[in-house]
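Asker: Below: one structure in structure tokens.
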Amino acid sequence: MKVEVPIRPFWYSDAWIFPKLITVVTTLDKEGRVNAAPYSHIMQFDVMAQTPRIMVGFRQDSHTFRNIVDTGEFVINCPSSDYLDDVMETARFYPDGTNELEHTRFTTIESRKVKPPSIAECPQIMECTVDEIVKLERSSGIVYANIEAIIMDEGLEQMKRAERIPAMNLPIGLGDQDRFEYFFARPSDVVAFELKETPRGIQAEGISTSMDWDVESMESLMQIPPMVREMVMTQVETFARGKGAETVELAHMTDLMAEVGMDSAVMARFGGKKD
Ligand SMILES: Cc1cc2nc3c(=O)[nH]c(=O)nc-3n(C[C@H](O)[C@H](O)[C@H](O)COP(=O)(O)O)c2cc1C
């Protein structure tokens with residue numbers, strides 16, 4: 001039997017288990033003083049290379065949100081599970097102008113593209129500037145931010161995911177009990193599942209082009225995962241039509257991909273397995 005649970009403030013934590021990224025966001029206030037606090041309402045929303053963007057949800061009266069409104073810059077630092085006690089230390093309410101990092105083992109390094117410092121001990125860091133801020137009435141302030149730089153500990157960027165996950169050891173946030181007791185998981189029991197190849201017959205089904213595609217471009221389209229294939233097809237056709245073409249050619253696909261920042265290395269991700 002299922003029961004309906006009342007939706008109250010903080011439903012995302014009290015009534016819902018919502019595994020999340022744990023970060024420490026660093027900002028500067030108008031006087032240039034460092035502020036740091038944990039944040040986990042974070043989601044990528046523009047995955048293209050030209051305009052990479054992320055959205056973050058803040059309490060509007062937090063120092064972090066006010067600093068971001070005032071300065072337009074912040075850094076998202078991802079600590080490993082070994083630093084959870086320091087993360088929790090930065091969550092304590094300190095007066096205006098306090099640098100929470102001074103109460104932790106965290107040390108700072110200069111950021112590359114923005115003024116707020118980055119945290120040296122964090123293996124994965126994102127430097128951001130504000131694109132747009134939406135202040136929800138009596139609720140969160142949402143910051144849509146441009147990703148100016150992604151910084152990693154040297155060596156991590158070379159690792160395959162199976163190796164990088166344990167090397168980074170990022171904690172997974174599992175919410176809190178009454179904003180007092182916070183729960184986390186460590187990635188010690190990671191499982192990987194292989195996405196099985198879609199049978200060729202099904203791959204070809206359900207895709208109806210509105211233009212002719214030459215053999216090469218159709219082969220390339222068929223290598224794109226089924227879940228995004230139709231979207232890619234429509235975009236390529238719009239692009240080819242815009243160029244005055246009657247038949248879609250491979251060059252239309254590659255030119256369009258290059259225009260949205262998907263170079264051949266990114267395209268190779270969509271190569272899939274050939275049988
Ligand atoms: C693990 C963790 C995750 C948190 N995530 C968020 C969040 O995503 N948004 C938010 O407004 N507050 C979040 N908080 C609460 C803030 O960190 C807390 O209110 C902090 O004191 C704000 O500090 P500041 O005023 O210096 O920005 C989180 C706290 C913890 C411990």
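Each chain in the structure tokens gets a letter, A, B, ..., in the order shown, and its residues are numbered from 1; ligands are numbered from 1 in order too.
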Please identify the strand (DSSP E) residues within range 45-76 of chain A (assignment by DSSP from backbone atoms) and present them as an MDAnalysis selection string.
Answerer: chainID A and resid 45:46 53:58 73:76
Asker: Keeping only N, CA and C atoms, write those residues as a short mmCIF file (atom, residue, chain, number, x, y, z; two decimals), in the first residue's frame.
Answerer:
```cif
data_model
loop_
_atom_site.label_atom_id
_atom_site.label_comp_id
_atom_site.auth_asym_id
_atom_site.auth_seq_id
_atom_site.Cartn_x
_atom_site.Cartn_y
_atom_site.Cartn_z
N PHE A 45 22.58 22.53 -16.49
CA PHE A 45 21.42 22.67 -17.37
C PHE A 45 21.78 23.05 -18.79
N ASP A 46 23.00 23.45 -19.04
CA ASP A 46 23.40 23.63 -20.44
C ASP A 46 24.68 22.85 -20.62
N ARG A 53 26.60 25.82 -18.56
CA ARG A 53 25.98 26.51 -17.43
C ARG A 53 25.48 25.54 -16.37
N ILE A 54 25.34 26.07 -15.18
CA ILE A 54 24.94 25.27 -14.03
C ILE A 54 23.95 26.10 -13.24
N MET A 55 23.04 25.46 -12.52
CA MET A 55 22.14 26.24 -11.66
C MET A 55 22.31 25.80 -10.21
N VAL A 56 22.24 26.79 -9.32
CA VAL A 56 22.42 26.52 -7.90
C VAL A 56 21.31 27.22 -7.12
N GLY A 57 20.75 26.51 -6.14
CA GLY A 57 19.67 27.08 -5.33
C GLY A 57 20.16 27.48 -3.94
N PHE A 58 19.87 28.71 -3.55
CA PHE A 58 20.37 29.25 -2.28
C PHE A 58 19.22 29.81 -1.44
N GLU A 73 30.29 36.45 -8.82
CA GLU A 73 31.26 35.36 -8.98
C GLU A 73 31.21 34.38 -7.81
N PHE A 74 31.49 33.12 -8.09
CA PHE A 74 31.63 32.14 -7.01
C PHE A 74 32.38 30.91 -7.51
N VAL A 75 32.83 30.09 -6.57
CA VAL A 75 33.54 28.86 -6.92
C VAL A 75 32.86 27.69 -6.22
N ILE A 76 32.62 26.62 -6.99
CA ILE A 76 32.03 25.39 -6.43
C ILE A 76 33.18 24.41 -6.21
#
```
Asker: As a tab-separated table (two decimals) with N, CA and C atoms, in the first residue's frame, please: all residues of range 65-275 of chain A that backbone DSSP puts in alpha helix (DSSP H).
Answerer:
```tsv
chain	number	residue	atom	x	y	z
A	65	PHE	N	24.62	33.74	-1.07
A	65	PHE	CA	23.74	34.30	-2.11
A	65	PHE	C	23.94	35.81	-2.22
A	66	ARG	N	24.01	36.47	-1.06
A	66	ARG	CA	24.18	37.94	-1.11
A	66	ARG	C	25.50	38.31	-1.79
A	67	ASN	N	26.56	37.55	-1.49
A	67	ASN	CA	27.85	37.84	-2.13
A	67	ASN	C	27.78	37.62	-3.65
A	68	ILE	N	27.07	36.58	-4.04
A	68	ILE	CA	26.97	36.31	-5.49
A	68	ILE	C	26.19	37.43	-6.17
A	69	VAL	N	25.12	37.90	-5.53
A	69	VAL	CA	24.35	39.01	-6.10
A	69	VAL	C	25.26	40.25	-6.21
A	70	ASP	N	26.06	40.49	-5.17
A	70	ASP	CA	26.91	41.70	-5.14
A	70	ASP	C	28.09	41.63	-6.10
A	71	THR	N	28.71	40.44	-6.24
A	71	THR	CA	29.98	40.37	-6.98
A	71	THR	C	29.88	39.61	-8.30
A	84	LEU	N	34.45	15.63	5.37
A	84	LEU	CA	33.06	15.93	5.73
A	84	LEU	C	32.93	16.74	7.02
A	85	ASP	N	33.82	16.48	7.97
A	85	ASP	CA	33.73	17.26	9.22
A	85	ASP	C	34.05	18.74	8.95
A	86	ASP	N	34.95	19.00	8.02
A	86	ASP	CA	35.27	20.40	7.67
A	86	ASP	C	34.10	21.04	6.90
A	87	VAL	N	33.46	20.23	6.04
A	87	VAL	CA	32.30	20.73	5.32
A	87	VAL	C	31.24	21.17	6.34
A	88	MET	N	31.00	20.32	7.34
A	88	MET	CA	29.99	20.64	8.34
A	88	MET	C	30.38	21.88	9.16
A	89	GLU	N	31.66	22.07	9.36
A	89	GLU	CA	32.12	23.25	10.10
A	89	GLU	C	31.75	24.53	9.33
A	90	THR	N	31.87	24.48	8.00
A	90	THR	CA	31.56	25.69	7.23
A	90	THR	C	30.06	25.98	7.19
A	161	ARG	N	36.26	6.67	-15.63
A	161	ARG	CA	35.32	6.87	-14.52
A	161	ARG	C	35.49	5.82	-13.40
A	162	ALA	N	35.69	4.56	-13.79
A	162	ALA	CA	35.78	3.49	-12.79
A	162	ALA	C	36.94	3.73	-11.82
A	163	GLU	N	37.97	4.39	-12.32
A	163	GLU	CA	39.15	4.67	-11.51
A	163	GLU	C	38.96	6.02	-10.79
A	164	ARG	N	38.32	6.97	-11.49
A	164	ARG	CA	38.21	8.34	-10.97
A	164	ARG	C	37.23	8.42	-9.78
A	165	ILE	N	36.18	7.59	-9.81
A	165	ILE	CA	35.19	7.66	-8.72
A	165	ILE	C	35.85	7.37	-7.37
A	166	PRO	N	36.57	6.22	-7.23
A	166	PRO	CA	37.22	5.99	-5.93
A	166	PRO	C	38.34	6.99	-5.65
A	167	ALA	N	39.04	7.45	-6.69
A	167	ALA	CA	40.15	8.40	-6.46
A	167	ALA	C	39.62	9.71	-5.89
A	168	MET	N	38.48	10.17	-6.38
A	168	MET	CA	37.91	11.43	-5.87
A	168	MET	C	37.19	11.23	-4.55
A	200	ARG	N	19.39	-3.55	-34.15
A	200	ARG	CA	19.38	-2.73	-35.38
A	200	ARG	C	17.97	-2.42	-35.87
A	201	GLY	N	17.13	-3.45	-35.82
A	201	GLY	CA	15.76	-3.29	-36.34
A	201	GLY	C	15.04	-2.17	-35.60
A	202	ILE	N	15.16	-2.18	-34.29
A	202	ILE	CA	14.47	-1.17	-33.48
A	202	ILE	C	15.11	0.20	-33.71
A	203	GLN	N	16.44	0.20	-33.89
A	203	GLN	CA	17.14	1.47	-34.14
A	203	GLN	C	16.56	2.19	-35.34
A	204	ALA	N	16.26	1.41	-36.37
A	204	ALA	CA	15.81	2.03	-37.61
A	204	ALA	C	14.35	2.45	-37.51
A	215	VAL	N	24.01	8.13	-47.68
A	215	VAL	CA	24.33	6.92	-46.92
A	215	VAL	C	25.22	7.22	-45.72
A	216	GLU	N	26.27	8.01	-45.96
A	216	GLU	CA	27.21	8.32	-44.87
A	216	GLU	C	26.54	9.02	-43.71
A	217	SER	N	25.71	10.05	-44.02
A	217	SER	CA	25.09	10.82	-42.94
A	217	SER	C	24.07	9.94	-42.20
A	218	MET	N	23.37	9.06	-42.94
A	218	MET	CA	22.39	8.18	-42.28
A	218	MET	C	23.10	7.19	-41.36
A	219	GLU	N	24.26	6.68	-41.81
A	219	GLU	CA	25.03	5.75	-40.97
A	219	GLU	C	25.45	6.44	-39.68
A	220	SER	N	25.87	7.69	-39.84
A	220	SER	CA	26.33	8.44	-38.69
A	220	SER	C	25.16	8.72	-37.73
A	221	LEU	N	24.01	9.04	-38.30
A	221	LEU	CA	22.81	9.29	-37.47
A	221	LEU	C	22.45	8.04	-36.67
A	222	MET	N	22.59	6.89	-37.32
A	222	MET	CA	22.21	5.63	-36.65
A	222	MET	C	23.14	5.27	-35.49
A	226	PRO	N	19.69	6.07	-29.41
A	226	PRO	CA	18.28	6.22	-29.78
A	226	PRO	C	17.56	7.33	-29.01
A	227	MET	N	17.94	7.53	-27.73
A	227	MET	CA	17.19	8.52	-26.93
A	227	MET	C	17.38	9.96	-27.42
A	228	VAL	N	18.47	10.24	-28.11
A	228	VAL	CA	18.67	11.62	-28.60
A	228	VAL	C	18.66	11.70	-30.12
A	229	ARG	N	18.45	10.55	-30.77
A	229	ARG	CA	18.61	10.52	-32.24
A	229	ARG	C	17.61	11.44	-32.95
A	230	GLU	N	16.35	11.39	-32.49
A	230	GLU	CA	15.33	12.18	-33.18
A	230	GLU	C	15.64	13.68	-33.05
A	231	MET	N	16.07	14.07	-31.86
A	231	MET	CA	16.41	15.48	-31.63
A	231	MET	C	17.56	15.90	-32.56
A	232	VAL	N	18.57	15.05	-32.65
A	232	VAL	CA	19.71	15.37	-33.52
A	232	VAL	C	19.25	15.45	-34.97
A	233	MET	N	18.39	14.47	-35.36
A	233	MET	CA	17.92	14.45	-36.75
A	233	MET	C	17.22	15.77	-37.11
A	234	THR	N	16.31	16.21	-36.21
A	234	THR	CA	15.57	17.44	-36.48
A	234	THR	C	16.53	18.63	-36.60
A	235	GLN	N	17.51	18.69	-35.68
A	235	GLN	CA	18.43	19.83	-35.70
A	235	GLN	C	19.29	19.82	-36.95
A	236	VAL	N	19.74	18.63	-37.36
A	236	VAL	CA	20.59	18.55	-38.56
A	236	VAL	C	19.77	18.95	-39.78
A	237	GLU	N	18.52	18.50	-39.85
A	237	GLU	CA	17.69	18.85	-41.01
A	237	GLU	C	17.44	20.35	-41.07
A	238	THR	N	17.17	20.95	-39.93
A	238	THR	CA	16.97	22.41	-39.90
A	238	THR	C	18.23	23.12	-40.38
A	239	PHE	N	19.37	22.62	-39.91
A	239	PHE	CA	20.67	23.21	-40.29
A	239	PHE	C	20.90	23.07	-41.79
A	240	ALA	N	20.67	21.83	-42.31
A	240	ALA	CA	20.93	21.57	-43.74
A	240	ALA	C	19.98	22.43	-44.60
A	241	ARG	N	18.73	22.51	-44.16
A	241	ARG	CA	17.75	23.31	-44.91
A	241	ARG	C	18.19	24.77	-44.94
A	242	GLY	N	18.68	25.24	-43.80
A	242	GLY	CA	19.19	26.62	-43.70
A	242	GLY	C	20.33	26.89	-44.67
A	250	LEU	N	27.07	14.28	-44.63
A	250	LEU	CA	27.84	14.16	-43.39
A	250	LEU	C	28.38	15.52	-42.93
A	251	ALA	N	28.77	16.35	-43.90
A	251	ALA	CA	29.34	17.66	-43.56
A	251	ALA	C	28.33	18.51	-42.79
A	252	HIS	N	27.03	18.36	-43.08
A	252	HIS	CA	26.03	19.12	-42.32
A	252	HIS	C	26.07	18.73	-40.85
A	253	MET	N	26.21	17.43	-40.62
A	253	MET	CA	26.27	16.97	-39.22
A	253	MET	C	27.51	17.49	-38.54
A	254	THR	N	28.66	17.32	-39.21
A	254	THR	CA	29.90	17.72	-38.54
A	254	THR	C	29.97	19.24	-38.35
A	255	ASP	N	29.47	20.01	-39.36
A	255	ASP	CA	29.49	21.47	-39.21
A	255	ASP	C	28.58	21.92	-38.07
A	256	LEU	N	27.40	21.30	-37.99
A	256	LEU	CA	26.47	21.67	-36.91
A	256	LEU	C	27.07	21.33	-35.56
A	257	MET	N	27.67	20.14	-35.48
A	257	MET	CA	28.26	19.70	-34.20
A	257	MET	C	29.38	20.66	-33.80
A	258	ALA	N	30.18	21.07	-34.78
A	258	ALA	CA	31.29	22.00	-34.48
A	258	ALA	C	30.71	23.33	-33.98
A	259	GLU	N	29.60	23.75	-34.60
A	259	GLU	CA	28.98	25.03	-34.22
A	259	GLU	C	28.52	25.02	-32.77
A	264	SER	N	35.21	16.37	-32.82
A	264	SER	CA	35.21	14.94	-33.17
A	264	SER	C	35.40	14.06	-31.94
A	265	ALA	N	36.11	14.60	-30.91
A	265	ALA	CA	36.28	13.80	-29.70
A	265	ALA	C	34.94	13.59	-29.01
A	266	VAL	N	34.12	14.64	-29.01
A	266	VAL	CA	32.80	14.51	-28.38
A	266	VAL	C	31.93	13.58	-29.22
A	267	MET	N	32.03	13.74	-30.55
A	267	MET	CA	31.23	12.89	-31.44
A	267	MET	C	31.58	11.41	-31.23
A	268	ALA	N	32.87	11.17	-30.92
A	268	ALA	CA	33.30	9.79	-30.73
A	268	ALA	C	32.56	9.14	-29.55
A	269	ARG	N	32.14	9.98	-28.59
A	269	ARG	CA	31.36	9.47	-27.46
A	269	ARG	C	30.08	8.81	-27.95
```
Asker: How would you write, as a list in words, the set of residues no farther than 6 Å from ligand 1 when counting only C-alpha atoms and all ligand atoms?
Answerer: Ile22, Asn35, Ala36, Ala37, Pro38, Tyr39, Ser40, His41, Gly57, Phe58, Arg59, Ser62, His63, Thr64, Met88, Ala91, Arg92 and Phe93 of chain A
Asker: Could you tell me which of A:Ala120, A:Ile207, A:Ile133, A:Ile224 comes closest to Ser80 in chain A if we count only C-alpha atoms?
Answerer: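 Answer, going by the shortest atom-to-atom distance: A:Ala120.
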Asker: Which is closest to Leu174 in chain A among A:Phe193, A:Phe106, A:Tyr12, A:Tyr83, if we use only C-alpha atoms?
Answerer: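 Going through A:Phe193, A:Phe106, A:Tyr12, A:Tyr83 one by one, the smallest distance to Leu174 in chain A is for A:Tyr12.
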Asker: From the set A:Phe10, A:Tyr94, A:Trp16, A:Tyr144, which residue has the shortest atom-to-atom contact distance to Arg179 in chain A, counting only C-alpha atoms?
Answerer: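 Ranking A:Phe10, A:Tyr94, A:Trp16, A:Tyr144 by distance to Arg179 in chain A, first place goes to A:Phe10.
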Asker: Counting only C-alpha atoms, which residue out of A:Glu181, A:Glu249, A:Glu31, A:Asp212 sits closest to Thr98 in chain A?
Answerer: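 So, comparing all the options, the nearest one is A:Glu31.
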Asker: With a distance cut-off of 8 Å and only C-alpha atoms, select the neighbouring residues of Pro19 in chain A, excluding the residue or stretch itself and same-chain residues fewer than 6 positions from it, and output the selection as an mmCIF file with N, CA and C atoms, in the first residue's frame.
Answerer:
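The resulting part_36.cif:
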```
data_model
loop_
_atom_site.group_PDB
_atom_site.id
_atom_site.type_symbol
_atom_site.label_atom_id
_atom_site.label_comp_id
_atom_site.auth_asym_id
_atom_site.auth_seq_id
_atom_site.Cartn_x
_atom_site.Cartn_y
_atom_site.Cartn_z
ATOM 1 N N ILE A 172 28.170 11.647 -1.092
ATOM 2 C CA ILE A 172 26.835 11.845 -1.659
ATOM 3 C C ILE A 172 25.942 12.323 -0.514
ATOM 4 N N GLY A 173 25.309 13.474 -0.694
ATOM 5 C CA GLY A 173 24.442 14.024 0.360
ATOM 6 C C GLY A 173 23.121 13.266 0.397
ATOM 7 N N LEU A 174 22.688 12.896 1.589
ATOM 8 C CA LEU A 174 21.422 12.164 1.715
ATOM 9 C C LEU A 174 20.427 12.899 2.594
ATOM 10 N N GLY A 175 20.598 14.228 2.686
ATOM 11 C CA GLY A 175 19.609 15.034 3.398
ATOM 12 C C GLY A 175 19.875 15.125 4.887
#
```
Asker: Tell me which protein, DNA and RNA residues are within 9 Å of Gln60 in chain A, counting only C-alpha atoms, leaving out same-chain ones fewer than 4 positions away, and put them as an mmCIF file with C-alpha atoms, in the first residue's frame.
Answerer:
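The result, written out as result-v6.cif:
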```cif
data_model
loop_
_atom_site.group_PDB
_atom_site.id
_atom_site.type_symbol
_atom_site.label_atom_id
_atom_site.label_comp_id
_atom_site.auth_asym_id
_atom_site.auth_seq_id
_atom_site.Cartn_x
_atom_site.Cartn_y
_atom_site.Cartn_z
ATOM 1 C CA THR A 64 26.797 33.187 -0.147
ATOM 2 C CA PHE A 65 23.744 34.300 -2.107
ATOM 3 C CA ARG A 66 24.182 37.941 -1.106
ATOM 4 C CA LYS A 135 14.517 35.307 -6.799
ATOM 5 C CA LEU A 136 11.549 33.063 -6.060
ATOM 6 C CA ARG A 138 9.355 33.387 -0.190
ATOM 7 C CA SER A 139 11.685 30.638 -1.422
ATOM 8 C CA SER A 140 15.078 30.029 -2.978
ATOM 9 C CA GLY A 141 17.262 32.330 -5.020
ATOM 10 C CA ILE A 142 18.286 30.452 -8.145
#
```
Asker: Find the spatial neighbours of range 150-154 of chain A, counting only C-alpha atoms, within a cut-off of 12 Å - ignore same-chain residues fewer than 5 positions away - and output them as an MDAnalysis selection string.
Answerer: chainID A and resid 49 52:54 75:80 109:114 118:128 159 164 167:168
Asker: Write the residues of the selection above to a file with C-alpha atoms, as a compact mmCIF listing (two decimals), in the first residue's frame.
Answerer:
```
# COMPACT_ATOMS: atom_id res chain seq x y z
CA ALA A 49 30.77 23.55 -24.66
CA PRO A 52 28.26 25.58 -20.28
CA ARG A 53 25.98 26.51 -17.43
CA ILE A 54 24.94 25.27 -14.03
CA VAL A 75 33.54 28.86 -6.92
CA ILE A 76 32.03 25.39 -6.43
CA ASN A 77 34.56 23.20 -4.62
CA CYS A 78 33.92 19.44 -4.33
CA PRO A 79 35.63 17.96 -1.26
CA SER A 80 36.37 14.28 -0.79
CA ILE A 109 44.58 28.70 -3.85
CA GLU A 110 43.99 31.42 -6.41
CA SER A 111 41.25 30.72 -8.92
CA ARG A 112 42.07 31.07 -12.63
CA LYS A 113 39.14 33.08 -13.98
CA VAL A 114 37.34 34.55 -10.94
CA SER A 118 39.39 27.88 -4.64
CA ILE A 119 39.96 25.18 -2.03
CA ALA A 120 43.26 23.38 -2.56
CA GLU A 121 42.11 20.12 -0.95
CA CYS A 122 39.16 19.72 -3.34
CA PRO A 123 39.92 17.43 -6.29
CA GLN A 124 37.20 18.95 -8.50
CA ILE A 125 36.47 22.68 -8.74
CA MET A 126 34.23 24.85 -10.91
CA GLU A 127 34.72 28.61 -11.32
CA CYS A 128 31.48 30.43 -12.13
CA MET A 159 41.39 8.45 -15.45
CA ARG A 164 38.21 8.34 -10.97
CA ALA A 167 40.15 8.40 -6.46
CA MET A 168 37.91 11.43 -5.87
```
Asker: Can you measure CA of Val191 in chain A to CA of Met262 in chain A for me? One decimal in Å is fine.
Answerer: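 Interatomic distance, CA of Val191 in chain A to CA of Met262 in chain A: 28.8 Å.
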Asker: If I take CA of Thr108 in chain A and CA of Gln50 in chain A, how far is one from the other in Å, to one decimal?
Answerer: 28.6 Å
Asker: CA of Thr104 in chain A and CA of Ser81 in chain A, how far apart in Å?
Answerer: 14.3 Å
